[in-house]
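Pasting protein-v7.cif here (mmCIF, C-alpha atoms):
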data_query
loop_
_atom_site.label_atom_id
_atom_site.label_comp_id
_atom_site.auth_asym_id
_atom_site.auth_seq_id
_atom_site.Cartn_x
_atom_site.Cartn_y
_atom_site.Cartn_z
CA ASP A 1 -143.07 17.39 -114.15
CA VAL A 2 -143.18 16.08 -117.68
CA LYS A 3 -142.37 18.78 -120.18
CA VAL A 4 -143.25 18.48 -123.85
CA THR A 5 -142.67 21.52 -126.01
CA GLN A 6 -143.57 22.29 -129.60
CA SER A 7 -141.69 24.78 -131.72
CA SER A 8 -144.65 26.94 -132.70
CA ARG A 9 -148.12 27.62 -131.30
CA TYR A 10 -149.38 29.11 -134.57
CA LEU A 11 -148.09 28.65 -138.11
CA VAL A 12 -149.30 29.94 -141.46
CA LYS A 13 -147.92 28.35 -144.64
CA ARG A 14 -148.71 28.36 -148.32
CA THR A 15 -149.77 25.37 -150.40
CA GLY A 16 -146.75 23.45 -151.63
CA GLU A 17 -144.39 24.64 -148.91
CA LYS A 18 -142.34 22.19 -146.87
CA VAL A 19 -143.31 22.44 -143.22
CA PHE A 20 -141.40 21.24 -140.15
CA LEU A 21 -143.08 20.82 -136.78
CA GLU A 22 -140.69 20.16 -133.93
CA CYS A 23 -141.41 18.44 -130.64
CA VAL A 24 -139.03 18.08 -127.71
CA GLN A 25 -139.49 16.21 -124.42
CA ASP A 26 -137.15 16.41 -121.46
CA MET A 27 -138.08 13.22 -119.61
CA ASP A 28 -136.07 10.64 -121.54
CA HIS A 29 -139.26 8.96 -122.79
CA GLU A 30 -138.76 6.33 -125.47
CA ASN A 31 -142.14 6.68 -127.16
CA MET A 32 -143.24 9.82 -128.98
CA PHE A 33 -146.34 10.52 -131.06
CA TRP A 34 -147.81 12.97 -133.54
CA TYR A 35 -151.57 13.50 -133.77
CA ARG A 36 -153.80 15.82 -135.66
CA GLN A 37 -157.03 17.06 -134.14
CA ASP A 38 -160.03 18.14 -136.16
CA PRO A 39 -163.49 19.14 -134.88
CA GLY A 40 -165.76 16.15 -134.37
CA LEU A 41 -163.00 13.67 -135.17
CA GLY A 42 -161.03 13.68 -131.93
CA LEU A 43 -157.33 12.90 -132.17
CA ARG A 44 -155.97 10.79 -134.99
CA LEU A 45 -152.53 9.26 -134.89
CA ILE A 46 -150.22 10.23 -137.75
CA TYR A 47 -146.94 8.57 -136.74
CA PHE A 48 -145.22 7.35 -133.63
CA SER A 49 -141.68 6.44 -132.71
CA TYR A 50 -140.56 3.94 -130.07
CA ASP A 51 -136.84 4.64 -130.31
CA VAL A 52 -134.27 6.77 -132.08
CA LYS A 53 -134.50 6.33 -135.85
CA MET A 54 -137.52 4.03 -135.41
CA LYS A 55 -140.96 5.02 -136.64
CA GLU A 56 -144.32 3.45 -137.27
CA LYS A 57 -147.27 4.69 -139.29
CA GLY A 58 -150.43 5.58 -137.48
CA ASP A 59 -153.91 5.85 -138.92
CA ILE A 60 -153.35 8.77 -141.29
CA PRO A 61 -149.69 8.92 -142.41
CA GLU A 62 -150.37 10.03 -145.98
CA GLY A 63 -148.78 13.36 -146.78
CA TYR A 64 -146.55 13.27 -143.69
CA SER A 65 -143.14 11.98 -142.72
CA VAL A 66 -141.24 12.02 -139.45
CA SER A 67 -137.72 12.12 -138.16
CA ARG A 68 -136.25 11.00 -134.84
CA GLU A 69 -132.50 11.53 -134.82
CA LYS A 70 -132.28 12.13 -131.06
CA LYS A 71 -134.32 10.60 -128.30
CA GLU A 72 -135.72 13.89 -127.07
CA ARG A 73 -136.79 15.25 -130.45
CA PHE A 74 -139.50 14.06 -132.85
CA SER A 75 -140.18 16.06 -135.98
CA LEU A 76 -143.23 15.99 -138.23
CA ILE A 77 -142.66 16.98 -141.86
CA LEU A 78 -145.22 18.01 -144.41
CA GLU A 79 -143.32 17.57 -147.67
CA SER A 80 -145.75 19.69 -149.70
CA ALA A 81 -148.40 21.32 -147.56
CA SER A 82 -151.99 21.21 -148.76
CA THR A 83 -155.09 23.03 -147.51
CA ASN A 84 -156.56 19.81 -146.11
CA GLN A 85 -153.62 19.68 -143.70
CA THR A 86 -154.91 22.77 -141.93
CA SER A 87 -155.39 21.42 -138.43
CA MET A 88 -154.23 21.35 -134.84
CA TYR A 89 -151.13 19.18 -134.42
CA LEU A 90 -150.36 17.63 -131.05
CA CYS A 91 -147.17 15.92 -130.01
CA ALA A 92 -146.98 13.52 -127.07
CA SER A 93 -144.48 11.34 -125.27
CA SER A 94 -145.38 8.44 -123.05
CA PHE A 95 -144.26 6.86 -119.81
CA ARG A 96 -145.77 3.58 -118.63
CA GLY A 97 -148.55 3.97 -121.14
CA THR A 98 -149.70 7.44 -120.14
CA GLN A 99 -149.24 10.03 -122.86
CA TYR A 100 -148.23 13.58 -122.03
CA PHE A 101 -148.93 16.26 -124.58
CA GLY A 102 -147.33 19.44 -125.76
CA PRO A 103 -149.30 22.68 -126.16
CA GLY A 104 -150.15 22.01 -129.81
CA THR A 105 -149.46 23.82 -133.08
CA ARG A 106 -152.33 25.36 -135.02
CA LEU A 107 -151.33 25.15 -138.67
CA LEU A 108 -153.13 27.09 -141.37
CA VAL A 109 -152.30 26.24 -144.98
CA LEU A 110 -153.42 28.88 -147.46
CA ALA B 1 -164.64 0.36 -135.85
CA GLN B 2 -165.12 3.10 -133.29
CA LYS B 3 -163.45 2.01 -130.09
CA ILE B 4 -164.30 4.97 -127.86
CA THR B 5 -167.71 6.62 -127.83
CA GLN B 6 -168.58 9.88 -126.13
CA THR B 7 -172.25 10.50 -126.77
CA GLN B 8 -172.44 14.01 -125.33
CA PRO B 9 -171.06 16.65 -127.70
CA GLY B 10 -171.79 19.33 -125.12
CA MET B 11 -172.74 19.53 -121.46
CA PHE B 12 -173.71 22.35 -119.11
CA VAL B 13 -173.35 22.32 -115.34
CA GLN B 14 -173.96 24.89 -112.64
CA GLU B 15 -170.93 25.99 -110.68
CA LYS B 16 -170.38 23.87 -107.53
CA GLU B 17 -172.56 21.05 -108.88
CA ALA B 18 -171.26 17.61 -109.90
CA VAL B 19 -171.28 16.47 -113.52
CA THR B 20 -170.81 13.11 -115.23
CA LEU B 21 -169.24 12.81 -118.67
CA ASP B 22 -170.03 9.55 -120.42
CA CYS B 23 -167.60 7.23 -122.14
CA THR B 24 -168.09 3.74 -123.50
CA TYR B 25 -165.43 1.61 -125.14
CA ASP B 26 -165.08 -1.49 -127.19
CA THR B 27 -162.32 -4.05 -126.82
CA SER B 28 -161.85 -7.79 -126.76
CA ASP B 29 -158.61 -7.41 -124.86
CA GLN B 30 -158.65 -8.34 -121.18
CA SER B 31 -155.91 -5.93 -120.25
CA TYR B 32 -156.31 -2.27 -121.10
CA GLY B 33 -156.11 1.21 -119.67
CA LEU B 34 -158.61 4.05 -119.72
CA PHE B 35 -157.68 7.71 -119.59
CA TRP B 36 -159.35 11.09 -119.39
CA TYR B 37 -157.80 14.28 -120.71
CA LYS B 38 -158.88 17.91 -120.41
CA GLN B 39 -158.28 20.37 -123.23
CA PRO B 40 -158.89 24.04 -122.35
CA SER B 41 -159.17 26.67 -125.05
CA SER B 42 -155.38 27.09 -125.01
CA GLY B 43 -155.16 23.71 -126.74
CA GLU B 44 -152.94 21.71 -124.43
CA MET B 45 -154.15 18.22 -123.54
CA ILE B 46 -153.90 17.73 -119.78
CA PHE B 47 -153.86 14.22 -118.34
CA LEU B 48 -156.47 13.89 -115.58
CA ILE B 49 -156.97 10.30 -114.49
CA TYR B 50 -156.16 6.69 -115.33
CA GLN B 51 -158.01 3.41 -114.69
CA GLY B 52 -156.52 0.00 -115.36
CA SER B 53 -158.84 -2.80 -116.41
CA TYR B 54 -157.73 -4.95 -113.48
CA ASP B 55 -158.04 -2.20 -110.90
CA GLU B 56 -160.75 -3.19 -108.46
CA GLN B 57 -161.37 0.29 -107.14
CA ASN B 58 -162.48 3.29 -109.12
CA ALA B 59 -159.68 5.78 -109.71
CA THR B 60 -159.85 9.16 -107.99
CA GLU B 61 -157.70 12.27 -108.37
CA GLY B 62 -158.87 15.21 -106.31
CA ARG B 63 -162.24 16.34 -107.68
CA TYR B 64 -162.06 13.80 -110.51
CA SER B 65 -163.25 10.24 -110.20
CA LEU B 66 -163.75 7.55 -112.77
CA ASN B 67 -166.93 5.47 -112.57
CA PHE B 68 -165.63 2.22 -114.06
CA GLN B 69 -168.23 -0.40 -114.97
CA LYS B 70 -166.33 -3.16 -116.69
CA ALA B 71 -169.30 -5.33 -117.64
CA ARG B 72 -170.95 -2.36 -119.33
CA LYS B 73 -167.65 -1.22 -120.83
CA SER B 74 -168.12 2.27 -119.53
CA ALA B 75 -165.67 4.65 -117.92
CA ASN B 76 -167.52 7.82 -117.02
CA LEU B 77 -165.71 10.82 -115.59
CA VAL B 78 -167.28 12.48 -112.58
CA ILE B 79 -166.25 16.02 -111.68
CA SER B 80 -167.41 17.11 -108.26
CA ALA B 81 -167.92 20.72 -107.14
CA SER B 82 -167.52 22.16 -110.65
CA GLN B 83 -165.49 25.32 -111.05
CA LEU B 84 -165.51 27.88 -113.86
CA GLY B 85 -162.01 26.71 -114.81
CA ASP B 86 -163.40 23.26 -115.57
CA SER B 87 -164.95 24.60 -118.77
CA ALA B 88 -163.07 22.74 -121.51
CA MET B 89 -163.18 19.82 -123.92
CA TYR B 90 -162.83 16.43 -122.27
CA PHE B 91 -161.53 13.37 -124.08
CA CYS B 92 -161.81 9.75 -123.08
CA ALA B 93 -159.09 7.41 -124.37
CA MET B 94 -158.17 3.73 -124.23
CA ARG B 95 -154.92 1.87 -124.64
CA GLU B 96 -155.01 -1.88 -125.19
CA GLU B 97 -152.22 -3.86 -123.58
CA TYR B 98 -151.31 -5.83 -126.68
CA ASN B 99 -150.66 -2.60 -128.52
CA ASN B 100 -148.89 -0.43 -126.02
CA ASN B 101 -148.32 2.42 -128.44
CA ASP B 102 -151.84 2.79 -129.73
CA MET B 103 -154.14 5.07 -127.78
CA ARG B 104 -157.64 5.63 -129.14
CA PHE B 105 -159.53 8.82 -128.38
CA GLY B 106 -163.20 9.65 -128.35
CA ALA B 107 -164.61 12.67 -130.17
CA GLY B 108 -164.79 14.66 -126.95
CA THR B 109 -167.38 16.43 -124.81
CA ARG B 110 -167.41 20.20 -124.38
CA LEU B 111 -168.24 21.07 -120.78
CA THR B 112 -169.44 24.56 -119.90
CA VAL B 113 -169.68 25.56 -116.26
CA LYS B 114 -172.23 28.30 -115.62
CA PRO B 115 -171.78 30.80 -112.79
#
Give the structure from this file in structure tokens form.
Amino acid sequence: DVKVTQSSRYLVKRTGEKVFLECVQDMDHENMFWYRQDPGLGLRLIYFSYDVKMKEKGDIPEGYSVSREKKERFSLILESASTNQTSMYLCASSFRGTQYFGPGTRLLVL
Amino acid sequence: AQKITQTQPGMFVQEKEAVTLDCTYDTSDQSYGLFWYKQPSSGEMIFLIYQGSYDEQNATEGRYSLNFQKARKSANLVISASQLGDSAMYFCAMREEYNNNDMRFGAGTRLTVKP
């Protein structure tokens, strides 16, 4: 079974804080993704990575950065959290085009 | 431009009945894949079923089947014999072959199964 884990299910941060969301997959997948999910908007791609140290911007990269130092780990960084980044964050890895998701992190920025 | 359209924000179905969740898509690519995911209240996105654009037969996975009508660009999900545990959000998604890393999702349909 594909296993994608995320470091936190729920997170509360204050405006201006630096936030790290971690994602780990154990299936040696090359591609990994970060999405945010907001009601009525579906999933929107923030960043993806197709290899170690490689990254590509998705549809809404502003205010975010990513890091992929090891193949199994893909981190999403909010350099200075803002209230409009309150959302559900979903990480995924893919094999032959099918994406497999982690359980999600619900982030609240106060 | 919106690539995936799910026109039903919410659906109700009686337990043990079948239900169809609609999905239409827009692409000029000849080679693409269509996916359905289930998201229960816990938040995890669960992969349900996949249909390739060149697949001649409709995909089936247990109680899930995909009604693929290529000319109409529709990929409706059919759930047979609904169970209470089927209550969840359902998302349709498409991946175009030329852009293997880009998967587009619809806005989702919330399905409620009534006892």
**Report entry** Test item: residues at most 8 Å from Ser82 of chain A, only C-alpha atoms, excluding those fewer than 2 positions along its chain, as JSON, numbers by chain
**Finding:** {"A": [14, 15, 16, 80, 84, 85, 86, 109, 110]}
Query raised in the report: Would you list which chain B residues are within 12 Å of chain A using all atoms listed in the file, as a PyMOL selection string?
Result: chain B and resi 2+4-10+32-52+89-110
Build an axis-aligned box that encloses every atom of segment 32-47 of chain A listed in the file, pad it by 5 Å on each side, and report its centre and edge lengths in Å to one decimal, as lines of an AutoDock Vina configuration file.
center_x = -154.5
center_y = 13.9
center_z = -133.4
size_x = 32.5
size_y = 20.6
size_z = 18.8
Query - Leu77 of chain B surroundings by all atoms listed in the file, 8 Å radius, close-in-sequence under 5 positions cut, as a list of chain:residue names - result: B:Thr20, B:Leu21, B:Asp22, B:Cys23, B:Trp36, B:Tyr64, B:Ser65, B:Leu66, B:Asn67
Query raised in the report: Using the chain letters and numbers from the file, which residues does the PyMOL selection byres ((chain A and resi 17-23) around 7) grab, as a ChimeraX atom specification?
Result: /A:5-7,13-16,24-25,73-81,91
Requested in this report: For atom CA of Lys70 of chain B and atom CA of Ser53 of chain B, determine how far apart the two atoms are, in Å to one decimal place.
Outcome: 7.5 Å
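Among the candidates B:Lys16, B:Phe68, B:Val113, B:Ala59, the one nearest to Ala88 of chain B when counting all atoms listed in the file is B:Val113.
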Report task. One decimal, Å: what's the distance from atom CA of Tyr35 of chain A over to atom CA of Gly63 of chain A, could you say? Result -> 13.3 Å
Query raised in the report: atom CA of Asn76 of chain B to atom CA of Thr24 of chain B: how many Å, to one decimal?
Result: 7.7 Å
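Among B:Val13, B:Lys114, B:Tyr25, B:Gln30, the residue with the shortest atom-to-atom distance to Ile79 of chain B, counting all atoms listed in the file, is B:Val13.
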Query raised in the report: On this structure, which residues satisfy the PyMOL selection byres ((chain B and resi 18) around 6), written as a ChimeraX atom specification?
Result: /B:17,19,79-82
